[in-house]
$ cat target37.txt   # compact mmCIF, C-alpha atoms and all ligand atoms
# COMPACT_ATOMS: atom_id res chain seq x y z
CA MET Y 304 -54.57 -132.44 61.26
CA SER Y 305 -53.27 -129.32 62.90
CA ALA Y 306 -50.90 -130.09 65.72
CA THR Y 307 -51.29 -129.20 69.38
CA ILE Y 308 -48.52 -126.76 70.26
CA LEU Y 309 -46.23 -127.94 73.06
CA ASP Y 310 -45.97 -124.65 74.92
CA GLY Y 311 -42.46 -124.69 76.35
CA ALA Y 312 -42.67 -121.10 77.55
CA ALA Y 313 -45.76 -121.76 79.70
CA THR Y 314 -44.47 -125.12 80.95
CA ALA Y 315 -41.10 -123.59 81.85
CA ARG Y 316 -42.91 -120.80 83.71
CA THR Y 317 -44.82 -123.39 85.78
CA ILE Y 318 -41.61 -125.26 86.62
CA ARG Y 319 -39.76 -122.06 87.51
CA ASP Y 320 -42.63 -121.13 89.85
CA GLU Y 321 -42.45 -124.61 91.43
CA VAL Y 322 -38.69 -124.23 91.98
CA ALA Y 323 -39.14 -120.71 93.40
CA ALA Y 324 -41.76 -122.00 95.88
CA ALA Y 325 -39.38 -124.77 97.00
CA VAL Y 326 -36.55 -122.24 97.46
CA ALA Y 327 -38.83 -119.89 99.44
CA ALA Y 328 -39.70 -122.78 101.78
CA LEU Y 329 -36.00 -123.63 102.24
CA ARG Y 330 -35.15 -120.03 103.04
CA GLN Y 331 -38.07 -119.76 105.46
CA ALA Y 332 -36.76 -122.82 107.29
CA GLY Y 333 -33.37 -121.09 107.61
CA GLY Y 334 -31.57 -123.24 105.03
CA PRO Y 335 -29.17 -121.89 102.41
CA PRO Y 336 -30.54 -121.12 98.92
CA PRO Y 337 -29.27 -123.09 95.94
CA GLY Y 338 -26.16 -121.44 94.49
CA LEU Y 339 -25.22 -121.48 90.80
CA ALA Y 340 -21.99 -120.18 89.27
CA VAL Y 341 -21.86 -119.64 85.52
CA VAL Y 342 -18.45 -119.20 83.92
CA LEU Y 343 -18.39 -117.27 80.64
CA VAL Y 344 -15.14 -117.04 78.71
CA GLY Y 345 -14.99 -114.54 75.86
CA GLU Y 346 -17.44 -112.33 74.03
CA ASP Y 347 -19.61 -114.70 71.97
CA PRO Y 348 -22.85 -112.68 71.64
CA ALA Y 349 -25.21 -115.68 71.79
CA SER Y 350 -23.42 -117.05 74.87
CA ARG Y 351 -23.68 -113.67 76.59
CA VAL Y 352 -27.45 -113.65 76.01
CA TYR Y 353 -27.84 -117.23 77.30
CA VAL Y 354 -25.74 -116.51 80.40
CA ALA Y 355 -27.72 -113.33 81.17
CA GLN Y 356 -30.98 -115.33 80.87
CA LYS Y 357 -29.65 -117.99 83.26
CA HIS Y 358 -28.55 -115.36 85.82
CA LYS Y 359 -31.94 -113.60 85.67
CA ALA Y 360 -33.85 -116.87 86.07
CA CYS Y 361 -31.72 -117.78 89.12
CA GLN Y 362 -32.32 -114.43 90.78
CA GLU Y 363 -36.04 -114.66 90.11
CA ALA Y 364 -36.17 -118.11 91.74
CA GLY Y 365 -34.37 -116.88 94.87
CA PHE Y 366 -31.04 -118.59 94.10
CA HIS Y 367 -27.60 -117.31 94.97
CA SER Y 368 -26.21 -116.61 91.48
CA GLU Y 369 -22.71 -115.70 90.34
CA VAL Y 370 -21.51 -114.99 86.81
CA ILE Y 371 -17.75 -115.20 86.38
CA THR Y 372 -16.75 -113.45 83.17
CA LEU Y 373 -13.25 -114.08 81.85
CA PRO Y 374 -11.67 -112.47 78.78
CA GLY Y 375 -11.50 -114.42 75.52
CA THR Y 376 -7.70 -114.50 75.97
CA ALA Y 377 -7.94 -116.29 79.36
CA SER Y 378 -5.62 -119.27 79.72
CA GLU Y 379 -6.82 -122.80 80.45
CA ALA Y 380 -4.97 -122.59 83.79
CA HIS Y 381 -7.01 -119.51 84.69
CA VAL Y 382 -10.30 -121.27 83.93
CA LEU Y 383 -9.20 -124.37 85.86
CA ALA Y 384 -8.23 -122.21 88.85
CA GLU Y 385 -11.71 -120.61 88.86
CA ILE Y 386 -13.32 -124.06 88.76
CA ALA Y 387 -11.15 -125.28 91.66
CA ARG Y 388 -12.24 -122.24 93.67
CA LEU Y 389 -15.94 -122.87 92.87
CA ASN Y 390 -15.61 -126.60 93.63
CA ALA Y 391 -14.49 -125.62 97.15
CA ASP Y 392 -17.08 -122.85 97.69
CA PRO Y 393 -19.87 -124.11 100.02
CA ALA Y 394 -22.32 -121.44 98.75
CA ILE Y 395 -22.05 -122.87 95.22
CA HIS Y 396 -23.92 -126.11 94.46
CA GLY Y 397 -23.93 -125.93 90.66
CA ILE Y 398 -21.19 -124.94 88.21
CA LEU Y 399 -21.82 -124.33 84.53
CA VAL Y 400 -19.10 -123.40 82.05
CA GLN Y 401 -20.78 -121.95 78.97
CA VAL Y 402 -19.62 -123.57 75.74
CA PRO Y 403 -18.20 -123.07 73.15
CA LEU Y 404 -14.90 -122.11 74.77
CA PRO Y 405 -12.11 -120.21 72.98
CA SER Y 406 -9.75 -122.49 71.03
CA GLN Y 407 -6.79 -122.20 73.47
CA ILE Y 408 -8.88 -123.98 76.12
CA ASP Y 409 -9.43 -127.74 76.05
CA GLN Y 410 -13.15 -128.17 76.71
CA SER Y 411 -12.73 -131.77 77.80
CA ARG Y 412 -10.14 -130.85 80.48
CA VAL Y 413 -12.47 -128.14 81.78
CA MET Y 414 -15.44 -130.52 82.00
CA HIS Y 415 -13.28 -133.10 83.83
CA ALA Y 416 -12.29 -130.43 86.39
CA ILE Y 417 -15.85 -129.71 87.60
CA ASP Y 418 -16.83 -131.64 90.74
CA PRO Y 419 -19.36 -134.19 89.35
CA ARG Y 420 -21.62 -133.40 92.33
CA LYS Y 421 -21.83 -129.78 91.11
CA ASP Y 422 -22.07 -130.65 87.39
CA VAL Y 423 -25.60 -129.32 86.77
CA ASP Y 424 -25.01 -129.44 83.00
CA GLY Y 425 -24.43 -133.21 83.14
CA PHE Y 426 -21.33 -132.87 80.93
CA HIS Y 427 -18.75 -134.49 83.27
CA PRO Y 428 -17.71 -137.97 82.03
CA VAL Y 429 -18.86 -139.52 85.33
CA ASN Y 430 -22.37 -138.16 84.77
CA VAL Y 431 -22.33 -139.04 81.06
CA GLY Y 432 -21.34 -142.57 82.13
CA LYS Y 433 -24.15 -142.75 84.68
CA LEU Y 434 -26.68 -141.66 82.04
CA THR Y 435 -25.33 -144.34 79.71
CA MET Y 436 -25.70 -146.97 82.45
CA GLY Y 437 -29.28 -145.87 83.20
CA ASP Y 438 -28.44 -144.49 86.67
CA ASP Y 439 -29.96 -141.33 88.13
CA THR Y 440 -27.64 -138.32 87.89
CA PHE Y 441 -27.57 -134.80 86.46
CA PHE Y 442 -28.92 -134.99 82.92
CA PRO Y 443 -28.08 -132.28 80.35
CA CYS Y 444 -30.66 -129.50 80.49
CA THR Y 445 -31.92 -129.29 76.90
CA PRO Y 446 -32.49 -133.07 76.56
CA LEU Y 447 -34.08 -133.18 80.02
CA GLY Y 448 -36.36 -130.30 78.99
CA CYS Y 449 -37.54 -132.30 75.96
CA LEU Y 450 -38.42 -135.28 78.14
CA GLU Y 451 -40.12 -133.07 80.72
CA LEU Y 452 -42.31 -131.51 78.01
CA LEU Y 453 -43.41 -134.97 76.84
CA LYS Y 454 -44.17 -135.96 80.43
CA ARG Y 455 -46.13 -132.83 81.31
CA TYR Y 456 -48.26 -133.24 78.16
CA ARG Y 457 -48.71 -136.94 79.07
CA ILE Y 458 -47.27 -138.12 75.76
CA PRO Y 459 -46.34 -141.80 75.98
CA ILE Y 460 -42.74 -142.75 75.12
CA GLN Y 461 -42.55 -146.46 75.95
CA GLY Y 462 -42.36 -148.64 72.84
CA LYS Y 463 -42.49 -145.65 70.49
CA ARG Y 464 -40.11 -145.28 67.57
CA ALA Y 465 -38.00 -142.19 68.28
CA LEU Y 466 -35.67 -140.58 65.78
CA VAL Y 467 -33.07 -138.13 67.03
CA ILE Y 468 -31.46 -136.10 64.25
CA GLY Y 469 -28.05 -134.87 65.41
CA ARG Y 470 -25.36 -136.55 67.52
CA SER Y 471 -23.88 -133.74 69.60
CA ASN Y 472 -22.75 -134.35 73.17
CA ILE Y 473 -25.03 -131.52 74.38
CA VAL Y 474 -28.29 -132.63 72.77
CA GLY Y 475 -28.34 -135.54 70.29
CA LYS Y 476 -26.59 -138.28 72.25
CA PRO Y 477 -28.07 -137.49 75.70
CA VAL Y 478 -31.64 -137.05 74.39
CA ALA Y 479 -31.32 -140.44 72.65
CA LEU Y 480 -30.18 -142.03 75.92
CA LEU Y 481 -33.00 -140.39 77.89
CA LEU Y 482 -35.57 -141.66 75.38
CA LEU Y 483 -34.02 -145.13 75.62
CA ARG Y 484 -34.28 -144.89 79.43
CA GLU Y 485 -38.03 -144.36 78.90
CA HIS Y 486 -38.15 -147.50 76.74
CA ALA Y 487 -38.43 -145.89 73.29
CA THR Y 488 -36.91 -147.64 70.29
CA VAL Y 489 -34.29 -145.07 69.39
CA THR Y 490 -32.51 -144.26 66.13
CA ILE Y 491 -29.87 -141.53 65.84
CA GLY Y 492 -29.72 -139.91 62.40
CA HIS Y 493 -26.99 -137.50 61.26
CA SER Y 494 -25.35 -135.89 58.25
CA ARG Y 495 -24.16 -139.24 56.85
CA THR Y 496 -27.49 -141.05 57.29
CA VAL Y 497 -28.46 -142.38 53.88
CA ASP Y 498 -32.23 -141.78 53.88
CA LEU Y 499 -33.21 -139.24 56.54
CA PRO Y 500 -36.70 -138.60 55.07
CA GLY Y 501 -37.34 -142.37 55.24
CA GLU Y 502 -36.16 -142.47 58.86
CA VAL Y 503 -38.41 -139.50 59.75
CA ALA Y 504 -41.39 -141.18 58.06
CA ARG Y 505 -41.11 -144.20 60.41
CA ALA Y 506 -40.77 -142.17 63.62
CA ASP Y 507 -43.50 -141.62 66.23
CA ILE Y 508 -41.28 -139.07 67.97
CA VAL Y 509 -38.83 -136.84 66.07
CA VAL Y 510 -36.21 -134.75 67.87
CA ALA Y 511 -34.51 -132.33 65.47
CA ALA Y 512 -31.15 -131.12 66.77
CA LEU Y 513 -28.90 -130.77 63.74
CA GLY Y 514 -28.61 -126.99 63.47
CA LYS Y 515 -29.95 -126.51 59.94
CA PRO Y 516 -32.80 -124.04 59.50
CA ARG Y 517 -36.15 -125.66 58.48
CA PHE Y 518 -34.36 -128.84 57.38
CA VAL Y 519 -37.07 -131.35 58.34
CA GLN Y 520 -39.97 -131.12 55.89
CA GLY Y 521 -43.59 -131.58 56.86
CA ALA Y 522 -44.05 -134.08 54.03
CA TRP Y 523 -41.49 -136.42 55.66
CA ILE Y 524 -43.37 -136.58 58.96
CA LYS Y 525 -45.72 -139.44 59.82
CA GLU Y 526 -49.32 -138.34 60.46
CA GLY Y 527 -49.81 -137.99 64.21
CA ALA Y 528 -46.11 -137.89 65.14
CA VAL Y 529 -44.66 -135.82 67.97
CA VAL Y 530 -42.07 -133.28 66.82
CA LEU Y 531 -39.57 -131.67 69.19
CA ASP Y 532 -37.54 -128.95 67.49
CA VAL Y 533 -34.35 -128.10 69.36
CA GLY Y 534 -32.87 -125.92 66.60
CA ILE Y 535 -32.33 -122.20 67.10
CA ASN Y 536 -31.27 -120.60 63.81
CA GLN Y 537 -31.12 -116.93 62.92
CA VAL Y 538 -32.31 -116.34 59.35
CA PRO Y 539 -33.10 -113.19 57.33
CA HIS Y 540 -36.60 -111.91 58.09
CA PRO Y 541 -38.91 -112.56 55.08
CA ASP Y 542 -40.80 -109.25 55.39
CA GLN Y 543 -38.36 -106.89 57.12
CA PRO Y 544 -35.16 -106.28 55.10
CA GLY Y 545 -32.01 -106.18 57.23
CA LYS Y 546 -33.78 -107.90 60.16
CA THR Y 547 -33.46 -111.51 61.27
CA ARG Y 548 -35.78 -113.96 62.95
CA LEU Y 549 -35.43 -117.29 64.73
CA VAL Y 550 -36.48 -120.57 63.14
CA GLY Y 551 -35.98 -124.17 64.20
CA ASP Y 552 -34.60 -127.20 62.37
CA VAL Y 553 -38.15 -128.15 61.33
CA ASP Y 554 -40.27 -126.42 58.69
CA PHE Y 555 -42.93 -125.53 61.24
CA GLU Y 556 -45.77 -124.49 58.93
CA THR Y 557 -45.78 -127.75 56.93
CA ALA Y 558 -44.91 -129.95 59.91
CA ARG Y 559 -47.79 -128.69 62.05
CA GLU Y 560 -50.24 -129.98 59.41
CA ARG Y 561 -49.05 -133.57 59.93
CA ALA Y 562 -47.85 -133.79 63.51
CA ALA Y 563 -50.12 -134.37 66.51
CA PHE Y 564 -47.82 -132.34 68.80
CA ILE Y 565 -45.07 -129.89 67.91
CA THR Y 566 -42.78 -127.42 69.68
CA PRO Y 567 -42.58 -123.91 68.21
CA VAL Y 568 -39.34 -121.93 67.83
CA PRO Y 569 -39.02 -119.76 69.80
CA GLY Y 570 -41.09 -120.80 72.84
CA GLY Y 571 -40.71 -124.58 72.72
CA ALA Y 572 -37.62 -126.49 73.81
CA GLY Y 573 -35.55 -123.33 74.47
CA PRO Y 574 -37.28 -122.02 77.62
CA MET Y 575 -37.32 -125.54 79.08
CA THR Y 576 -33.50 -125.59 79.16
CA ILE Y 577 -33.31 -122.86 81.82
CA ALA Y 578 -36.13 -124.42 83.86
CA MET Y 579 -34.17 -127.70 83.93
CA LEU Y 580 -30.99 -125.86 84.96
CA LEU Y 581 -32.86 -124.48 87.98
CA GLN Y 582 -34.23 -127.94 88.78
CA ASN Y 583 -30.76 -129.52 88.51
CA THR Y 584 -29.22 -126.85 90.75
CA LEU Y 585 -31.93 -127.37 93.37
CA LYS Y 586 -31.23 -131.12 93.17
CA ALA Y 587 -27.46 -130.49 93.58
CA ARG Y 588 -28.14 -128.36 96.64
CA HIS Y 589 -30.26 -131.12 98.20
CA LEU Y 590 -27.61 -133.75 97.49
CA LEU Y 591 -24.82 -131.58 98.92
CA VAL Y 592 -26.49 -130.09 102.00
CA GLY Y 593 -29.64 -132.16 102.57
CA ALA Y 594 -33.29 -131.09 102.58
CA ARG Y 595 -32.97 -128.45 105.31
N1 LIG Y 601 -24.04 -123.78 75.16
C1 LIG Y 601 -25.19 -124.08 74.51
N2 LIG Y 601 -26.01 -124.82 75.29
C2 LIG Y 601 -25.34 -125.00 76.46
C3 LIG Y 601 -25.66 -125.69 77.67
O1 LIG Y 601 -26.72 -126.30 77.83
N3 LIG Y 601 -24.72 -125.63 78.64
C4 LIG Y 601 -23.53 -124.98 78.48
N4 LIG Y 601 -22.66 -125.01 79.49
N5 LIG Y 601 -23.21 -124.34 77.38
C5 LIG Y 601 -24.11 -124.35 76.37

$ encode --input "target37.txt" --output "structure tokens" --more "lines below"
Ligand code: GUN
Amino acid sequence: MSATILDGAATARTIRDEVAAAVAALRQAGGPPPGLAVVLVGEDPASRVYVAQKHKACQEAGFHSEVITLPGTASEAHVLAEIARLNADPAIHGILVQVPLPSQIDQSRVMHAIDPRKDVDGFHPVNVGKLTMGDDTFFPCTPLGCLELLKRYRIPIQGKRALVIGRSNIVGKPVALLLLREHATVTIGHSRTVDLPGEVARADIVVAALGKPRFVQGAWIKEGAVVLDVGINQVPHPDQPGKTRLVGDVDFETARERAAFITPVPGGAGPMTIAMLLQNTLKARHLLVGAR
């Protein structure tokens, strides 16, 4: 079997176009556009790239978009003051603080400070709690993107055995809860799991989010499984000395021979994250100001 590729880039494009059309209609009716503020603290190169991508996507969709860049030496009080200002700003409906944050800043205190109604990342404890209880709320963007890809490709989830590898607060735990919400039978595997290959072999749906390049081997995967690769790892390029390339947490070439569906890296789960951020910000705007 050679797997069908789950084209995250094309699906994200469709969703971004849908969001842009909704924003154009709102503007035409005289309503305010959705507003997103992204707070970036420090100089982490990957974070700078992600934040620039988010800003560009917002502008393209007709959003009001602000990027607040603070130096890596910024105090926690400074970050909290910015969040308080954004919480009170009526033009801002979504607030995202890019993580990781520098070590002098307590990430948990920062997440607690964001108004849960503007928490388009779904990282505030109130929203994490709502997800845990099965309520509707803002769900974290990368996990939500995984679920959206399954839905748009009409891949059934109910009753399926799903294995999530990785237990981070950003991906592993929320994607497991979202799969549970869709009635999958969910297992979370991690670095201390005794027999990961055995767990993978039983799974109908595998979500790899552990951050280890090409860790999941094709030979482990059940024939006909669905493989969602959330890993983004920079590795030396095999043919071009001194260059790097991106690979996922799954060994794509062997996995595609056994899976029925698989996401590539890049172009799979990654682009869906930004599409879901736009969708969450549009939702926040509707909840805060209504559908006008
Ligand atoms: N860093 C890596 N992924 C994310 C994300 O989805 N949201 C935020 N705020 N920071 C991140």

$ residues_around --input "target37.txt" --residues "Leu404 in chain Y" --least-positions-apart "2" --cutoff "9 Å" --atoms "only C-alpha atoms" --output "count of residues only"
12

$ closest_residue --input "target37.txt" --among "Y:Gln461, Y:Thr576, Y:Gln362, Y:Thr435" --to "Val474 in chain Y" --atoms "all atoms listed in the file"
Y:Thr576

$ residues_around --input "target37.txt" --residues "Glu369 in chain Y" --least-positions-apart "5" --cutoff "9 Å" --atoms "only C-alpha atoms" --output "list in words"
Gly338, Leu339, Ala340, Val341, Val342, His358 and Ile395 of chain Y

$ residues_near_ligand --input "target37.txt" --ligand "ligand LIG 601 (chain Y)" --cutoff "10 Å" --atoms "only C-alpha atoms and all ligand atoms" --output "PyMOL selection string"
chain Y and resi 341-343+349-350+353-354+398-404+414+422-426+443-446+473-474+573+576-577+579-580

$ atom_distance --input "target37.txt" --atom1 "CA of Gly593 in chain Y" --atom2 "CA of Ile417 in chain Y"
20.5 Å

$ atom_distance --input "target37.txt" --atom1 "CA of Pro459 in chain Y" --atom2 "CA of Ala522 in chain Y"
23.4 Å

$ build_atoms --input "target37.txt" --residues "range 536-553 of chain Y" --atoms "N, CA, C and O atoms" --output "PDB file, in the coordinates of the input"
ATOM      1  N   ASN Y 536     -32.041-121.145  64.935  1.00  0.00           N
ATOM      2  CA  ASN Y 536     -31.270-120.600  63.810  1.00  0.00           C
ATOM      3  C   ASN Y 536     -31.755-119.198  63.495  1.00  0.00           C
ATOM      4  O   ASN Y 536     -32.957-118.961  63.390  1.00  0.00           O
ATOM      5  N   GLN Y 537     -30.787-118.291  63.315  1.00  0.00           N
ATOM      6  CA  GLN Y 537     -31.120-116.930  62.920  1.00  0.00           C
ATOM      7  C   GLN Y 537     -31.115-116.855  61.399  1.00  0.00           C
ATOM      8  O   GLN Y 537     -30.116-117.195  60.775  1.00  0.00           O
ATOM      9  N   VAL Y 538     -32.237-116.441  60.821  1.00  0.00           N
ATOM     10  CA  VAL Y 538     -32.310-116.340  59.350  1.00  0.00           C
ATOM     11  C   VAL Y 538     -32.831-114.942  58.982  1.00  0.00           C
ATOM     12  O   VAL Y 538     -33.467-114.273  59.806  1.00  0.00           O
ATOM     13  N   PRO Y 539     -32.575-114.492  57.736  1.00  0.00           N
ATOM     14  CA  PRO Y 539     -33.100-113.190  57.330  1.00  0.00           C
ATOM     15  C   PRO Y 539     -34.623-113.158  57.450  1.00  0.00           C
ATOM     16  O   PRO Y 539     -35.308-114.137  57.135  1.00  0.00           O
ATOM     17  N   HIS Y 540     -35.155-112.041  57.940  1.00  0.00           N
ATOM     18  CA  HIS Y 540     -36.600-111.910  58.090  1.00  0.00           C
ATOM     19  C   HIS Y 540     -37.239-111.796  56.705  1.00  0.00           C
ATOM     20  O   HIS Y 540     -36.771-111.025  55.873  1.00  0.00           O
ATOM     21  N   PRO Y 541     -38.325-112.567  56.437  1.00  0.00           N
ATOM     22  CA  PRO Y 541     -38.910-112.560  55.080  1.00  0.00           C
ATOM     23  C   PRO Y 541     -39.540-111.216  54.708  1.00  0.00           C
ATOM     24  O   PRO Y 541     -39.543-110.853  53.530  1.00  0.00           O
ATOM     25  N   ASP Y 542     -40.068-110.484  55.696  1.00  0.00           N
ATOM     26  CA  ASP Y 542     -40.800-109.250  55.390  1.00  0.00           C
ATOM     27  C   ASP Y 542     -40.038-107.980  55.754  1.00  0.00           C
ATOM     28  O   ASP Y 542     -40.390-106.897  55.281  1.00  0.00           O
ATOM     29  N   GLN Y 543     -39.058-108.096  56.646  1.00  0.00           N
ATOM     30  CA  GLN Y 543     -38.360-106.890  57.120  1.00  0.00           C
ATOM     31  C   GLN Y 543     -36.890-106.933  56.710  1.00  0.00           C
ATOM     32  O   GLN Y 543     -36.074-107.585  57.372  1.00  0.00           O
ATOM     33  N   PRO Y 544     -36.538-106.236  55.606  1.00  0.00           N
ATOM     34  CA  PRO Y 544     -35.160-106.280  55.100  1.00  0.00           C
ATOM     35  C   PRO Y 544     -34.158-105.823  56.171  1.00  0.00           C
ATOM     36  O   PRO Y 544     -34.424-104.881  56.923  1.00  0.00           O
ATOM     37  N   GLY Y 545     -33.044-106.530  56.261  1.00  0.00           N
ATOM     38  CA  GLY Y 545     -32.010-106.180  57.230  1.00  0.00           C
ATOM     39  C   GLY Y 545     -32.255-106.758  58.617  1.00  0.00           C
ATOM     40  O   GLY Y 545     -31.375-106.725  59.463  1.00  0.00           O
ATOM     41  N   LYS Y 546     -33.476-107.302  58.845  1.00  0.00           N
ATOM     42  CA  LYS Y 546     -33.780-107.900  60.160  1.00  0.00           C
ATOM     43  C   LYS Y 546     -33.633-109.425  60.084  1.00  0.00           C
ATOM     44  O   LYS Y 546     -33.666-110.000  58.993  1.00  0.00           O
ATOM     45  N   THR Y 547     -33.503-110.045  61.252  1.00  0.00           N
ATOM     46  CA  THR Y 547     -33.460-111.510  61.270  1.00  0.00           C
ATOM     47  C   THR Y 547     -34.602-112.034  62.141  1.00  0.00           C
ATOM     48  O   THR Y 547     -35.226-111.273  62.883  1.00  0.00           O
ATOM     49  N   ARG Y 548     -34.853-113.326  62.020  1.00  0.00           N
ATOM     50  CA  ARG Y 548     -35.780-113.960  62.950  1.00  0.00           C
ATOM     51  C   ARG Y 548     -35.298-115.377  63.257  1.00  0.00           C
ATOM     52  O   ARG Y 548     -34.427-115.912  62.557  1.00  0.00           O
ATOM     53  N   LEU Y 549     -35.857-115.960  64.320  1.00  0.00           N
ATOM     54  CA  LEU Y 549     -35.430-117.290  64.730  1.00  0.00           C
ATOM     55  C   LEU Y 549     -36.328-118.354  64.127  1.00  0.00           C
ATOM     56  O   LEU Y 549     -37.559-118.205  64.129  1.00  0.00           O
ATOM     57  N   VAL Y 550     -35.710-119.396  63.587  1.00  0.00           N
ATOM     58  CA  VAL Y 550     -36.480-120.570  63.140  1.00  0.00           C
ATOM     59  C   VAL Y 550     -35.798-121.819  63.681  1.00  0.00           C
ATOM     60  O   VAL Y 550     -34.613-121.784  64.035  1.00  0.00           O
ATOM     61  N   GLY Y 551     -36.530-122.907  63.710  1.00  0.00           N
ATOM     62  CA  GLY Y 551     -35.980-124.170  64.200  1.00  0.00           C
ATOM     63  C   GLY Y 551     -35.366-124.982  63.067  1.00  0.00           C
ATOM     64  O   GLY Y 551     -35.126-124.481  61.963  1.00  0.00           O
ATOM     65  N   ASP Y 552     -35.128-126.272  63.368  1.00  0.00           N
ATOM     66  CA  ASP Y 552     -34.600-127.200  62.370  1.00  0.00           C
ATOM     67  C   ASP Y 552     -35.727-127.888  61.596  1.00  0.00           C
ATOM     68  O   ASP Y 552     -35.474-128.721  60.737  1.00  0.00           O
ATOM     69  N   VAL Y 553     -36.972-127.546  61.960  1.00  0.00           N
ATOM     70  CA  VAL Y 553     -38.150-128.150  61.330  1.00  0.00           C
ATOM     71  C   VAL Y 553     -38.907-127.054  60.586  1.00  0.00           C
ATOM     72  O   VAL Y 553     -39.012-125.920  61.080  1.00  0.00           O
TER      73      VAL Y 553
END
